[in-house]
Amino acid sequence: MIRVTYRIETPGDPRALAAKIAADQSTGTFTELPGETDALRARHAARVEAVTMLEPLPAPSLPEAGGHPGPFRRAEAVIAYPLDSIGTDLAALMTVTLGGVFAARGLTGIRILDLDLPPDFACHPGPQFGIEGSRRLTGVAEGPIIASIIKPSLGLTPEETAEVVRTLCDAGVDFIKDDEKMMNPAYAPLAARVAAIMPVIRDHEQRTGKRVMYAFGISAADPDVMMRHHDHVVAQGGTAAVININSIGAGGMAFLRKRSALCLHAHRNGWDLLTRHPGFGYDFRPYQKIWRLLGVDQFQINGIAAKYWEGDDSFVRSFADVTTPIFSEADRALPVVCSGQWGGQAFETWRRTGRTLDLMYLGGGGIHGHPGGPAAGVRAIRAAWQAASEGLTPDQATARDPDLKAAYDLWGG
């Protein structure tokens with residue numbers, strides 16, 4: 001069985017609405033059907049396995065109440081769908097169990113909280129590299145993978161981008177990425193960026209022995225174009241790509257993963273549309289399972305004190321989600337802590353994510369904008385993580401490291 005947990009909100013009875021959703025999304029419709037026999041229902045009908053009532057709300061989450069005065073009753077409902085009715089195709093899964101439920105009449109809110117899949121879904125490839133492969137490709141055997149992003153995000157020529165890459169390599173980062181907005185613009189085509197950047201990566205490796213991983217933005221709506229981008233990066237010795245997963249869709253991701261030789265770094269731009277309303281949409285937990293099954297290796301999930309709207313508790317749950325096996329340890333994605341990060345958030349990140357160093361710590365402005373320059377920004381982040389993992393406080397850490405102190409003086413307020 002495929003089990004989906006929904007949080008249902010309605011001015012009516014959530015139990016009745018859960019039963020209606022189960023019927024509408026499997027064998028039933030608005031009226032009795034002569035062909036819907038007991039035997040057919042036994043094999044193909046979804047069924048409500050559990051309903052847990054929650055505190056009601058005085059006002060509806062969505063303006064669908066038609067003047068109803070409330071209260072608006074809520075419940076968590078677990079609905080089980082027979083595997084025979086859906087199979088293991090992810091498009092079928094999303095159509096039946098996730099997409100259609102939002103159309104039900106009588107809802108003033110519905111949110112998908114979890115997705116419990118049977119072992120049959122292990123047929124999907126999952127991450128090709130994941131946590132261990134990311135460590136191998138970056139040469140970072142232990143500790144966080146320290147990463148940065150090309151800034152300014154847009155407007156640099158390929159040659160100017162290559163100079164930023166040189167600066168970041170010399171600063172000591174392990175990973176650099178294109179901004180998600182950078183794909184194949186006329187002023188800096190992908191082929192030209194690859195031609196300018198890869199010699200810098202190779203030169204740095206020859207001088208230092210360290211090969212910095214660079215993730216090129218290869219996303220395209222046409223899967224054939226995206227694969228041509230992929231193949232060009234591979235031919236020039238690249239090892240990673242930034243994938244805008246919501247923009248290319250599940251089909252594009254499946255097409256890419258089946259043929260990919262690159263470590264796939266997922267940017268979830270557009271995710272906020274699906275989750276920002278607390279009474280409607282998706283939790284991250286079911287969403288990220290789909291993309292991990294499709295083959296995401298590294299997953300951007302914001303961070304502590306992020307520059308965007310998402311709060312710290314949501315980030316902590318997302319971190320746990322991407323690092324919890326679906327079927328095996330190999331299907332975990334590397335969590336990418338990002339969005340306004342500098343050394344100061346390392347202490348709380350360490351404390352709240354299980355004291356693990358299996359992560360990528362992505363600093364853009366927190367590296368480029370350090371008053372001592374990018375190298376000082378990288379040193380400050382490394383010093384912060386070292387101190388956090390040793391159990392030091394920020395005051396103790398800044399007392400022993402001037403680069404971290406300078407970061408706190410600038411951003412600590």
# chains A, B, ... in the order shown; residues from 1 in each chain; ligands from 1
$ residues_around --residues "Leu264 in chain A" --least-positions-apart "4" --cutoff "8 Å" --atoms "only C-alpha atoms" --output "ChimeraX atom specification"
/A:240-243,295-298
$ residues_around --residues "Met360 in chain A" --least-positions-apart "4" --cutoff "12 Å" --atoms "only C-alpha atoms" --output "PyMOL selection string"
chain A and resi 130-131+134-135+138+140+142-148+173-177+265+297-303+319+333-338+341+346+349+356+381-382+385
$ write_last_selection --atoms "N, CA and C atoms" --output "short mmCIF file (atom, residue, chain, number, x, y, z; two decimals), in the first residue's frame"
data_model
loop_
_atom_site.label_atom_id
_atom_site.label_comp_id
_atom_site.auth_asym_id
_atom_site.auth_seq_id
_atom_site.Cartn_x
_atom_site.Cartn_y
_atom_site.Cartn_z
N GLY A 130 25.25 11.22 -4.03
CA GLY A 130 24.81 11.45 -2.66
C GLY A 130 25.91 11.99 -1.77
N ILE A 131 25.86 11.63 -0.50
CA ILE A 131 26.80 12.18 0.48
C ILE A 131 28.21 11.66 0.24
N SER A 134 29.73 12.86 -3.09
CA SER A 134 30.09 14.28 -3.05
C SER A 134 31.41 14.47 -2.31
N ARG A 135 31.61 13.72 -1.25
CA ARG A 135 32.88 13.79 -0.52
C ARG A 135 34.03 13.30 -1.41
N THR A 138 34.87 15.92 -4.18
CA THR A 138 35.48 17.15 -3.68
C THR A 138 36.77 16.89 -2.93
N VAL A 140 36.92 15.94 0.13
CA VAL A 140 36.71 16.31 1.53
C VAL A 140 36.25 15.05 2.28
N GLU A 142 36.29 14.44 5.53
CA GLU A 142 35.57 14.73 6.77
C GLU A 142 35.41 16.23 6.92
N GLY A 143 34.49 16.62 7.77
CA GLY A 143 34.18 18.03 7.93
C GLY A 143 33.19 18.50 6.87
N PRO A 144 32.62 19.67 7.05
CA PRO A 144 31.68 20.20 6.06
C PRO A 144 32.38 20.53 4.75
N ILE A 145 31.65 20.37 3.65
CA ILE A 145 32.14 20.80 2.34
C ILE A 145 31.84 22.29 2.23
N ILE A 146 32.89 23.11 2.17
CA ILE A 146 32.72 24.57 2.15
C ILE A 146 32.55 25.01 0.70
N ALA A 147 31.47 25.71 0.45
CA ALA A 147 31.07 26.02 -0.92
C ALA A 147 30.79 27.51 -1.08
N SER A 148 30.84 27.97 -2.33
CA SER A 148 30.46 29.34 -2.63
C SER A 148 29.75 29.38 -3.97
N VAL A 173 37.92 27.22 -1.19
CA VAL A 173 36.63 26.54 -1.18
C VAL A 173 36.76 25.13 -1.78
N ASP A 174 35.78 24.30 -1.47
CA ASP A 174 35.74 22.94 -2.00
C ASP A 174 34.80 22.81 -3.20
N PHE A 175 33.87 23.75 -3.32
CA PHE A 175 32.78 23.64 -4.30
C PHE A 175 32.37 25.04 -4.71
N ILE A 176 32.11 25.23 -5.99
CA ILE A 176 31.59 26.49 -6.52
C ILE A 176 30.43 26.17 -7.45
N LYS A 177 29.42 27.03 -7.46
CA LYS A 177 28.27 26.78 -8.33
C LYS A 177 27.85 28.05 -9.07
N HIS A 265 23.10 18.82 -8.37
CA HIS A 265 22.87 19.74 -7.26
C HIS A 265 21.52 20.41 -7.48
N ASP A 297 21.38 14.45 -5.94
CA ASP A 297 22.54 14.13 -5.10
C ASP A 297 22.73 15.12 -3.96
N GLN A 298 22.52 16.39 -4.26
CA GLN A 298 22.72 17.47 -3.29
C GLN A 298 21.48 18.34 -3.30
N PHE A 299 20.98 18.71 -2.12
CA PHE A 299 19.67 19.38 -2.05
C PHE A 299 19.80 20.67 -1.25
N GLN A 300 19.57 21.82 -1.89
CA GLN A 300 19.57 23.09 -1.18
C GLN A 300 18.32 23.20 -0.31
N ILE A 301 18.51 23.56 0.98
CA ILE A 301 17.38 23.56 1.92
C ILE A 301 17.35 24.80 2.81
N ASN A 302 17.97 25.91 2.38
CA ASN A 302 18.08 27.12 3.22
C ASN A 302 18.94 26.81 4.44
N GLY A 303 18.81 27.61 5.50
CA GLY A 303 19.68 27.44 6.65
C GLY A 303 19.18 28.20 7.85
N PHE A 319 16.45 19.39 6.92
CA PHE A 319 17.74 18.73 7.06
C PHE A 319 17.55 17.27 7.45
N ALA A 333 20.38 12.36 0.40
CA ALA A 333 21.01 13.45 -0.36
C ALA A 333 21.88 14.28 0.58
N LEU A 334 22.92 14.89 0.01
CA LEU A 334 23.75 15.78 0.80
C LEU A 334 22.97 17.07 1.08
N PRO A 335 22.75 17.42 2.35
CA PRO A 335 22.05 18.67 2.63
C PRO A 335 22.94 19.87 2.35
N VAL A 336 22.41 20.84 1.62
CA VAL A 336 23.16 22.05 1.28
C VAL A 336 22.57 23.20 2.09
N VAL A 337 23.32 23.66 3.08
CA VAL A 337 22.89 24.74 3.97
C VAL A 337 23.27 26.05 3.29
N CYS A 338 22.27 26.90 3.05
CA CYS A 338 22.50 28.06 2.18
C CYS A 338 21.58 29.20 2.59
N GLN A 341 24.28 32.57 4.51
CA GLN A 341 25.10 31.92 5.53
C GLN A 341 26.50 32.54 5.61
N ALA A 346 27.06 28.61 12.04
CA ALA A 346 27.58 27.25 12.17
C ALA A 346 27.26 26.65 13.53
N THR A 349 23.59 25.65 13.68
CA THR A 349 23.38 24.57 12.71
C THR A 349 23.93 23.26 13.26
N THR A 356 26.26 16.85 13.20
CA THR A 356 26.85 16.17 12.06
C THR A 356 27.64 17.15 11.22
N ILE A 381 34.59 30.76 8.08
CA ILE A 381 33.61 29.67 8.10
C ILE A 381 34.25 28.39 8.60
N ARG A 382 35.46 28.09 8.14
CA ARG A 382 36.13 26.87 8.61
C ARG A 382 36.41 26.97 10.11
N TRP A 385 33.15 26.30 12.06
CA TRP A 385 32.76 24.89 12.12
C TRP A 385 33.71 24.09 13.00
#
$ closest_residue --among "A:Ile304, A:Ser153, A:Trp342, A:Gly354" --to "Lys405 in chain A" --atoms "only C-alpha atoms"
A:Trp342
$ closest_residue --among "A:Ala141, A:Ala196, A:Leu156, A:Cys169" --to "Asp358 in chain A" --atoms "only C-alpha atoms"
A:Ala141
$ closest_atom_pairs --of "range 6-28 of chain A" --to "range 94-113 of chain A" --cutoff "6 Å" --atoms "only C-alpha atoms" --output "tab-separated table"
residue	atom	partner	partner_atom	distance
A:Tyr6	CA	A:Ile112	CA	4.6
A:Arg7	CA	A:Arg111	CA	5.1
A:Ile8	CA	A:Ile110	CA	4.7
A:Glu9	CA	A:Gly109	CA	4.7
A:Thr10	CA	A:Leu107	CA	4.9
A:Gln25	CA	A:Val96	CA	5.9
$ write_last_selection --atoms "all heavy atoms" --output "tab-separated table (two decimals), in the first residue's frame"
chain	number	residue	atom	x	y	z
A	6	TYR	N	-2.50	13.42	5.12
A	6	TYR	CA	-3.02	14.74	4.78
A	6	TYR	C	-3.47	15.45	6.05
A	6	TYR	O	-3.99	14.81	6.98
A	6	TYR	CB	-4.24	14.64	3.85
A	6	TYR	CG	-4.05	13.82	2.61
A	6	TYR	CD1	-4.40	12.46	2.59
A	6	TYR	CD2	-3.56	14.38	1.43
A	6	TYR	CE1	-4.25	11.70	1.43
A	6	TYR	CE2	-3.41	13.63	0.28
A	6	TYR	CZ	-3.76	12.28	0.29
A	6	TYR	OH	-3.62	11.54	-0.85
A	7	ARG	N	-3.33	16.76	6.09
A	7	ARG	CA	-4.01	17.56	7.11
A	7	ARG	C	-5.18	18.25	6.42
A	7	ARG	O	-5.00	19.08	5.52
A	7	ARG	CB	-3.08	18.58	7.75
A	7	ARG	CG	-3.76	19.30	8.94
A	7	ARG	CD	-2.80	20.16	9.71
A	7	ARG	NE	-2.34	21.28	8.90
A	7	ARG	CZ	-1.07	21.60	8.74
A	7	ARG	NH1	-0.13	20.88	9.31
A	7	ARG	NH2	-0.73	22.63	7.99
A	8	ILE	N	-6.38	17.87	6.82
A	8	ILE	CA	-7.62	18.31	6.18
A	8	ILE	C	-8.29	19.37	7.04
A	8	ILE	O	-8.35	19.23	8.27
A	8	ILE	CB	-8.57	17.11	5.97
A	8	ILE	CG1	-7.95	16.12	4.97
A	8	ILE	CG2	-9.94	17.57	5.50
A	8	ILE	CD1	-8.69	14.82	4.88
A	9	GLU	N	-8.80	20.40	6.40
A	9	GLU	CA	-9.55	21.46	7.10
A	9	GLU	C	-10.87	21.68	6.38
A	9	GLU	O	-10.91	21.80	5.15
A	9	GLU	CB	-8.72	22.74	7.13
A	9	GLU	CG	-9.43	23.94	7.73
A	9	GLU	CD	-8.70	25.23	7.41
A	9	GLU	OE1	-7.45	25.26	7.46
A	9	GLU	OE2	-9.38	26.22	7.09
A	10	THR	N	-11.96	21.75	7.13
A	10	THR	CA	-13.29	21.88	6.52
A	10	THR	C	-14.28	22.38	7.56
A	10	THR	O	-14.12	22.12	8.76
A	10	THR	CB	-13.76	20.51	5.99
A	10	THR	OG1	-15.09	20.64	5.47
A	10	THR	CG2	-13.74	19.44	7.06
A	25	GLN	N	-10.36	9.71	-5.44
A	25	GLN	CA	-9.04	9.47	-5.99
A	25	GLN	C	-8.78	7.99	-6.29
A	25	GLN	O	-7.65	7.62	-6.61
A	25	GLN	CB	-7.96	10.00	-5.03
A	25	GLN	CG	-7.98	11.52	-4.85
A	25	GLN	CD	-7.94	12.27	-6.17
A	25	GLN	OE1	-8.85	13.00	-6.52
A	25	GLN	NE2	-6.87	12.07	-6.93
$ select_by_dssp --residues "range 37-187 of chain A" --states "strand (DSSP E)" --output "number ranges by chain"
A: 47-57, 72-81, 109-116, 145-149, 175-177
$ write_last_selection --atoms "N, CA, C and O atoms" --output "short mmCIF file (atom, residue, chain, number, x, y, z; two decimals), in the first residue's frame"
data_model
loop_
_atom_site.label_atom_id
_atom_site.label_comp_id
_atom_site.auth_asym_id
_atom_site.auth_seq_id
_atom_site.Cartn_x
_atom_site.Cartn_y
_atom_site.Cartn_z
N ARG A 47 -8.52 3.58 0.93
CA ARG A 47 -9.28 3.53 2.18
C ARG A 47 -8.62 4.40 3.24
O ARG A 47 -7.39 4.59 3.24
N VAL A 48 -9.45 4.96 4.09
CA VAL A 48 -8.97 5.78 5.20
C VAL A 48 -8.55 4.86 6.33
O VAL A 48 -9.35 4.10 6.85
N GLU A 49 -7.27 4.93 6.71
CA GLU A 49 -6.76 4.05 7.75
C GLU A 49 -6.78 4.69 9.14
O GLU A 49 -6.88 3.98 10.14
N ALA A 50 -6.67 6.01 9.19
CA ALA A 50 -6.64 6.67 10.50
C ALA A 50 -7.03 8.12 10.33
O ALA A 50 -6.70 8.75 9.32
N VAL A 51 -7.75 8.63 11.31
CA VAL A 51 -8.09 10.06 11.37
C VAL A 51 -7.81 10.54 12.78
O VAL A 51 -8.36 9.99 13.74
N THR A 52 -6.96 11.55 12.90
CA THR A 52 -6.65 12.13 14.20
C THR A 52 -7.13 13.57 14.21
O THR A 52 -6.65 14.41 13.44
N MET A 53 -8.10 13.85 15.07
CA MET A 53 -8.67 15.19 15.11
C MET A 53 -7.69 16.17 15.75
O MET A 53 -6.96 15.84 16.69
N LEU A 54 -7.68 17.39 15.20
CA LEU A 54 -6.82 18.47 15.68
C LEU A 54 -7.68 19.62 16.19
O LEU A 54 -8.91 19.63 16.01
N GLU A 55 -7.04 20.61 16.79
CA GLU A 55 -7.76 21.79 17.23
C GLU A 55 -8.35 22.52 16.04
O GLU A 55 -7.69 22.70 15.02
N PRO A 56 -9.60 22.96 16.14
CA PRO A 56 -10.21 23.70 15.02
C PRO A 56 -9.63 25.12 14.91
O PRO A 56 -8.96 25.60 15.82
N LEU A 57 -9.91 25.75 13.77
CA LEU A 57 -9.50 27.13 13.55
C LEU A 57 -10.72 28.04 13.53
O LEU A 57 -11.80 27.64 13.04
N PHE A 72 -13.68 25.82 11.91
CA PHE A 72 -13.19 25.03 10.79
C PHE A 72 -12.39 23.87 11.35
O PHE A 72 -11.33 24.06 11.96
N ARG A 73 -12.95 22.70 11.19
CA ARG A 73 -12.42 21.51 11.84
C ARG A 73 -11.23 20.96 11.06
O ARG A 73 -11.24 20.99 9.83
N ARG A 74 -10.26 20.43 11.80
CA ARG A 74 -9.04 19.91 11.17
C ARG A 74 -8.75 18.50 11.67
O ARG A 74 -9.09 18.14 12.80
N ALA A 75 -8.10 17.75 10.81
CA ALA A 75 -7.68 16.40 11.18
C ALA A 75 -6.51 15.98 10.31
O ALA A 75 -6.38 16.44 9.17
N GLU A 76 -5.68 15.11 10.86
CA GLU A 76 -4.69 14.41 10.06
C GLU A 76 -5.28 13.07 9.66
O GLU A 76 -5.71 12.30 10.52
N ALA A 77 -5.30 12.81 8.36
CA ALA A 77 -5.89 11.59 7.84
C ALA A 77 -4.85 10.81 7.05
O ALA A 77 -4.16 11.38 6.20
N VAL A 78 -4.76 9.52 7.33
CA VAL A 78 -3.89 8.62 6.57
C VAL A 78 -4.76 7.83 5.61
O VAL A 78 -5.68 7.12 6.03
N ILE A 79 -4.50 8.00 4.31
CA ILE A 79 -5.25 7.28 3.28
C ILE A 79 -4.30 6.33 2.57
O ILE A 79 -3.20 6.72 2.17
N ALA A 80 -4.71 5.07 2.45
CA ALA A 80 -3.90 4.03 1.82
C ALA A 80 -4.43 3.74 0.42
O ALA A 80 -5.63 3.53 0.23
N TYR A 81 -3.52 3.75 -0.55
CA TYR A 81 -3.86 3.48 -1.94
C TYR A 81 -3.22 2.16 -2.36
O TYR A 81 -2.01 1.96 -2.16
N GLY A 109 -8.81 23.98 3.50
CA GLY A 109 -7.37 23.81 3.62
C GLY A 109 -7.01 22.35 3.50
O GLY A 109 -7.77 21.48 3.95
N ILE A 110 -5.91 22.06 2.85
CA ILE A 110 -5.38 20.69 2.82
C ILE A 110 -3.88 20.78 2.58
O ILE A 110 -3.41 21.58 1.77
N ARG A 111 -3.16 19.96 3.33
CA ARG A 111 -1.70 19.96 3.23
C ARG A 111 -1.22 18.51 3.26
O ARG A 111 -1.69 17.71 4.08
N ILE A 112 -0.28 18.20 2.37
CA ILE A 112 0.27 16.86 2.31
C ILE A 112 1.48 16.81 3.24
O ILE A 112 2.45 17.54 3.06
N LEU A 113 1.39 15.95 4.26
CA LEU A 113 2.39 15.92 5.31
C LEU A 113 3.45 14.84 5.12
O LEU A 113 4.60 15.02 5.51
N ASP A 114 3.06 13.70 4.56
CA ASP A 114 4.03 12.62 4.41
C ASP A 114 3.57 11.66 3.34
O ASP A 114 2.39 11.62 2.96
N LEU A 115 4.54 10.88 2.87
CA LEU A 115 4.34 9.92 1.80
C LEU A 115 5.13 8.67 2.17
O LEU A 115 6.36 8.71 2.23
N ASP A 116 4.42 7.59 2.47
CA ASP A 116 5.07 6.34 2.89
C ASP A 116 4.94 5.34 1.74
O ASP A 116 3.84 4.89 1.41
N ILE A 145 31.65 20.37 3.65
CA ILE A 145 32.14 20.80 2.34
C ILE A 145 31.84 22.29 2.23
O ILE A 145 30.68 22.70 2.24
N ILE A 146 32.89 23.11 2.17
CA ILE A 146 32.72 24.57 2.15
C ILE A 146 32.55 25.01 0.70
O ILE A 146 33.40 24.74 -0.15
N ALA A 147 31.47 25.71 0.45
CA ALA A 147 31.07 26.02 -0.92
C ALA A 147 30.79 27.51 -1.08
O ALA A 147 30.52 28.22 -0.11
N SER A 148 30.84 27.97 -2.33
CA SER A 148 30.46 29.34 -2.63
C SER A 148 29.75 29.38 -3.97
O SER A 148 29.62 28.38 -4.66
N ILE A 149 29.32 30.56 -4.31
CA ILE A 149 28.49 30.78 -5.50
C ILE A 149 29.02 32.00 -6.24
O ILE A 149 29.60 32.90 -5.61
N PHE A 175 33.87 23.75 -3.32
CA PHE A 175 32.78 23.64 -4.30
C PHE A 175 32.37 25.04 -4.71
O PHE A 175 32.28 25.94 -3.86
N ILE A 176 32.11 25.23 -5.99
CA ILE A 176 31.59 26.49 -6.52
C ILE A 176 30.43 26.17 -7.45
O ILE A 176 30.46 25.17 -8.16
N LYS A 177 29.42 27.03 -7.46
CA LYS A 177 28.27 26.78 -8.33
C LYS A 177 27.85 28.05 -9.07
O LYS A 177 28.01 29.17 -8.56
#
$ atom_distance --atom1 "CA of Pro71 in chain A" --atom2 "CA of Phe280 in chain A"
17.5 Å
$ residues_around --residues "Ala162 in chain A" --least-positions-apart "3" --cutoff "6 Å" --atoms "only C-alpha atoms" --output "MDAnalysis selection string"
chainID A and resid 159 165 196:197
$ select_by_dssp --residues "range 88-164 of chain A" --states "alpha helix (DSSP H)" --output "PyMOL selection string"
chain A and resi 90-93+130-138+158-164
$ write_last_selection --atoms "N, CA, C and O atoms" --output "PDB file, in the first residue's frame"
ATOM      1  N   LEU A  90       6.142   7.542 -11.045  1.00  0.00           N
ATOM      2  CA  LEU A  90       5.995   8.699 -10.173  1.00  0.00           C
ATOM      3  C   LEU A  90       4.975   9.703 -10.698  1.00  0.00           C
ATOM      4  O   LEU A  90       4.336  10.406  -9.914  1.00  0.00           O
ATOM      5  N   ALA A  91       4.781   9.769 -12.008  1.00  0.00           N
ATOM      6  CA  ALA A  91       3.730  10.643 -12.542  1.00  0.00           C
ATOM      7  C   ALA A  91       2.355  10.150 -12.103  1.00  0.00           C
ATOM      8  O   ALA A  91       1.484  10.954 -11.734  1.00  0.00           O
ATOM      9  N   ALA A  92       2.163   8.840 -12.120  1.00  0.00           N
ATOM     10  CA  ALA A  92       0.893   8.276 -11.648  1.00  0.00           C
ATOM     11  C   ALA A  92       0.722   8.529 -10.158  1.00  0.00           C
ATOM     12  O   ALA A  92      -0.364   8.897  -9.680  1.00  0.00           O
ATOM     13  N   LEU A  93       1.800   8.348  -9.400  1.00  0.00           N
ATOM     14  CA  LEU A  93       1.745   8.588  -7.952  1.00  0.00           C
ATOM     15  C   LEU A  93       1.330  10.020  -7.654  1.00  0.00           C
ATOM     16  O   LEU A  93       0.427  10.271  -6.837  1.00  0.00           O
ATOM     17  N   GLY A 130      25.249  11.221  -4.027  1.00  0.00           N
ATOM     18  CA  GLY A 130      24.810  11.450  -2.662  1.00  0.00           C
ATOM     19  C   GLY A 130      25.912  11.989  -1.773  1.00  0.00           C
ATOM     20  O   GLY A 130      26.819  12.712  -2.216  1.00  0.00           O
ATOM     21  N   ILE A 131      25.860  11.633  -0.496  1.00  0.00           N
ATOM     22  CA  ILE A 131      26.798  12.177   0.482  1.00  0.00           C
ATOM     23  C   ILE A 131      28.213  11.655   0.237  1.00  0.00           C
ATOM     24  O   ILE A 131      29.168  12.422   0.129  1.00  0.00           O
ATOM     25  N   GLU A 132      28.351  10.351   0.133  1.00  0.00           N
ATOM     26  CA  GLU A 132      29.690   9.775  -0.011  1.00  0.00           C
ATOM     27  C   GLU A 132      30.326  10.161  -1.340  1.00  0.00           C
ATOM     28  O   GLU A 132      31.523  10.471  -1.399  1.00  0.00           O
ATOM     29  N   GLY A 133      29.549  10.155  -2.415  1.00  0.00           N
ATOM     30  CA  GLY A 133      30.092  10.533  -3.711  1.00  0.00           C
ATOM     31  C   GLY A 133      30.491  11.991  -3.766  1.00  0.00           C
ATOM     32  O   GLY A 133      31.489  12.353  -4.405  1.00  0.00           O
ATOM     33  N   SER A 134      29.733  12.862  -3.095  1.00  0.00           N
ATOM     34  CA  SER A 134      30.094  14.280  -3.046  1.00  0.00           C
ATOM     35  C   SER A 134      31.414  14.468  -2.312  1.00  0.00           C
ATOM     36  O   SER A 134      32.261  15.284  -2.720  1.00  0.00           O
ATOM     37  N   ARG A 135      31.606  13.715  -1.249  1.00  0.00           N
ATOM     38  CA  ARG A 135      32.883  13.789  -0.523  1.00  0.00           C
ATOM     39  C   ARG A 135      34.029  13.297  -1.411  1.00  0.00           C
ATOM     40  O   ARG A 135      35.105  13.899  -1.443  1.00  0.00           O
ATOM     41  N   ARG A 136      33.805  12.227  -2.125  1.00  0.00           N
ATOM     42  CA  ARG A 136      34.861  11.672  -2.972  1.00  0.00           C
ATOM     43  C   ARG A 136      35.244  12.651  -4.079  1.00  0.00           C
ATOM     44  O   ARG A 136      36.432  12.877  -4.349  1.00  0.00           O
ATOM     45  N   LEU A 137      34.254  13.257  -4.705  1.00  0.00           N
ATOM     46  CA  LEU A 137      34.531  14.158  -5.828  1.00  0.00           C
ATOM     47  C   LEU A 137      35.177  15.467  -5.386  1.00  0.00           C
ATOM     48  O   LEU A 137      35.923  16.084  -6.153  1.00  0.00           O
ATOM     49  N   THR A 138      34.872  15.916  -4.179  1.00  0.00           N
ATOM     50  CA  THR A 138      35.476  17.155  -3.681  1.00  0.00           C
ATOM     51  C   THR A 138      36.772  16.891  -2.926  1.00  0.00           C
ATOM     52  O   THR A 138      37.519  17.841  -2.629  1.00  0.00           O
ATOM     53  N   PRO A 158      31.982  35.387 -19.418  1.00  0.00           N
ATOM     54  CA  PRO A 158      32.690  34.150 -19.075  1.00  0.00           C
ATOM     55  C   PRO A 158      34.076  34.408 -18.490  1.00  0.00           C
ATOM     56  O   PRO A 158      34.497  33.746 -17.533  1.00  0.00           O
ATOM     57  N   GLU A 159      34.806  35.360 -19.065  1.00  0.00           N
ATOM     58  CA  GLU A 159      36.157  35.649 -18.583  1.00  0.00           C
ATOM     59  C   GLU A 159      36.108  36.250 -17.179  1.00  0.00           C
ATOM     60  O   GLU A 159      36.947  35.914 -16.315  1.00  0.00           O
ATOM     61  N   GLU A 160      35.149  37.132 -16.917  1.00  0.00           N
ATOM     62  CA  GLU A 160      35.007  37.698 -15.574  1.00  0.00           C
ATOM     63  C   GLU A 160      34.601  36.622 -14.575  1.00  0.00           C
ATOM     64  O   GLU A 160      35.076  36.616 -13.424  1.00  0.00           O
ATOM     65  N   THR A 161      33.733  35.710 -14.998  1.00  0.00           N
ATOM     66  CA  THR A 161      33.341  34.598 -14.130  1.00  0.00           C
ATOM     67  C   THR A 161      34.544  33.745 -13.778  1.00  0.00           C
ATOM     68  O   THR A 161      34.722  33.329 -12.621  1.00  0.00           O
ATOM     69  N   ALA A 162      35.384  33.478 -14.759  1.00  0.00           N
ATOM     70  CA  ALA A 162      36.566  32.661 -14.510  1.00  0.00           C
ATOM     71  C   ALA A 162      37.487  33.317 -13.482  1.00  0.00           C
ATOM     72  O   ALA A 162      38.125  32.619 -12.677  1.00  0.00           O
ATOM     73  N   GLU A 163      37.566  34.655 -13.481  1.00  0.00           N
ATOM     74  CA  GLU A 163      38.400  35.333 -12.490  1.00  0.00           C
ATOM     75  C   GLU A 163      37.811  35.175 -11.086  1.00  0.00           C
ATOM     76  O   GLU A 163      38.547  35.037 -10.105  1.00  0.00           O
ATOM     77  N   VAL A 164      36.479  35.197 -10.971  1.00  0.00           N
ATOM     78  CA  VAL A 164      35.853  34.936  -9.668  1.00  0.00           C
ATOM     79  C   VAL A 164      36.151  33.511  -9.229  1.00  0.00           C
ATOM     80  O   VAL A 164      36.446  33.246  -8.050  1.00  0.00           O
TER      81      VAL A 164
END
$ closest_residue --among "A:Ile201, A:Ala171, A:Leu256, A:Ala186" --to "Val225 in chain A" --atoms "only C-alpha atoms"
A:Leu256
$ atom_distance --atom1 "CA of Leu17 in chain A" --atom2 "CA of Lys289 in chain A"
26.0 Å
$ atom_distance --atom1 "CA of Arg352 in chain A" --atom2 "CA of Tyr408 in chain A"
20.4 Å
$ residues_around --residues "Gln236 in chain A" --least-positions-apart "2" --cutoff "9 Å" --atoms "only C-alpha atoms" --output "PyMOL selection string"
chain A and resi 194-195+198+231-234+238
$ write_last_selection --atoms "N, CA and C atoms" --output "PDB file, in the first residue's frame"
ATOM      1  N   VAL A 194      32.076  27.230 -19.690  1.00  0.00           N
ATOM      2  CA  VAL A 194      32.851  26.014 -19.485  1.00  0.00           C
ATOM      3  C   VAL A 194      34.277  26.206 -20.008  1.00  0.00           C
ATOM      4  N   ALA A 195      34.398  26.803 -21.194  1.00  0.00           N
ATOM      5  CA  ALA A 195      35.714  27.015 -21.798  1.00  0.00           C
ATOM      6  C   ALA A 195      36.582  27.940 -20.962  1.00  0.00           C
ATOM      7  N   MET A 198      36.893  25.856 -16.803  1.00  0.00           N
ATOM      8  CA  MET A 198      37.578  24.580 -16.583  1.00  0.00           C
ATOM      9  C   MET A 198      39.101  24.691 -16.597  1.00  0.00           C
ATOM     10  N   ASP A 231      26.453  16.882 -21.655  1.00  0.00           N
ATOM     11  CA  ASP A 231      27.534  16.197 -22.362  1.00  0.00           C
ATOM     12  C   ASP A 231      28.738  17.113 -22.572  1.00  0.00           C
ATOM     13  N   HIS A 232      28.464  18.399 -22.810  1.00  0.00           N
ATOM     14  CA  HIS A 232      29.568  19.338 -23.009  1.00  0.00           C
ATOM     15  C   HIS A 232      30.366  19.509 -21.710  1.00  0.00           C
ATOM     16  N   VAL A 233      29.673  19.614 -20.593  1.00  0.00           N
ATOM     17  CA  VAL A 233      30.361  19.741 -19.301  1.00  0.00           C
ATOM     18  C   VAL A 233      31.216  18.507 -19.035  1.00  0.00           C
ATOM     19  N   VAL A 234      30.649  17.327 -19.265  1.00  0.00           N
ATOM     20  CA  VAL A 234      31.382  16.079 -19.032  1.00  0.00           C
ATOM     21  C   VAL A 234      32.617  16.009 -19.929  1.00  0.00           C
ATOM     22  N   GLY A 238      34.099  18.430 -16.369  1.00  0.00           N
ATOM     23  CA  GLY A 238      33.268  18.866 -15.250  1.00  0.00           C
ATOM     24  C   GLY A 238      32.696  17.693 -14.478  1.00  0.00           C
TER      25      GLY A 238
END
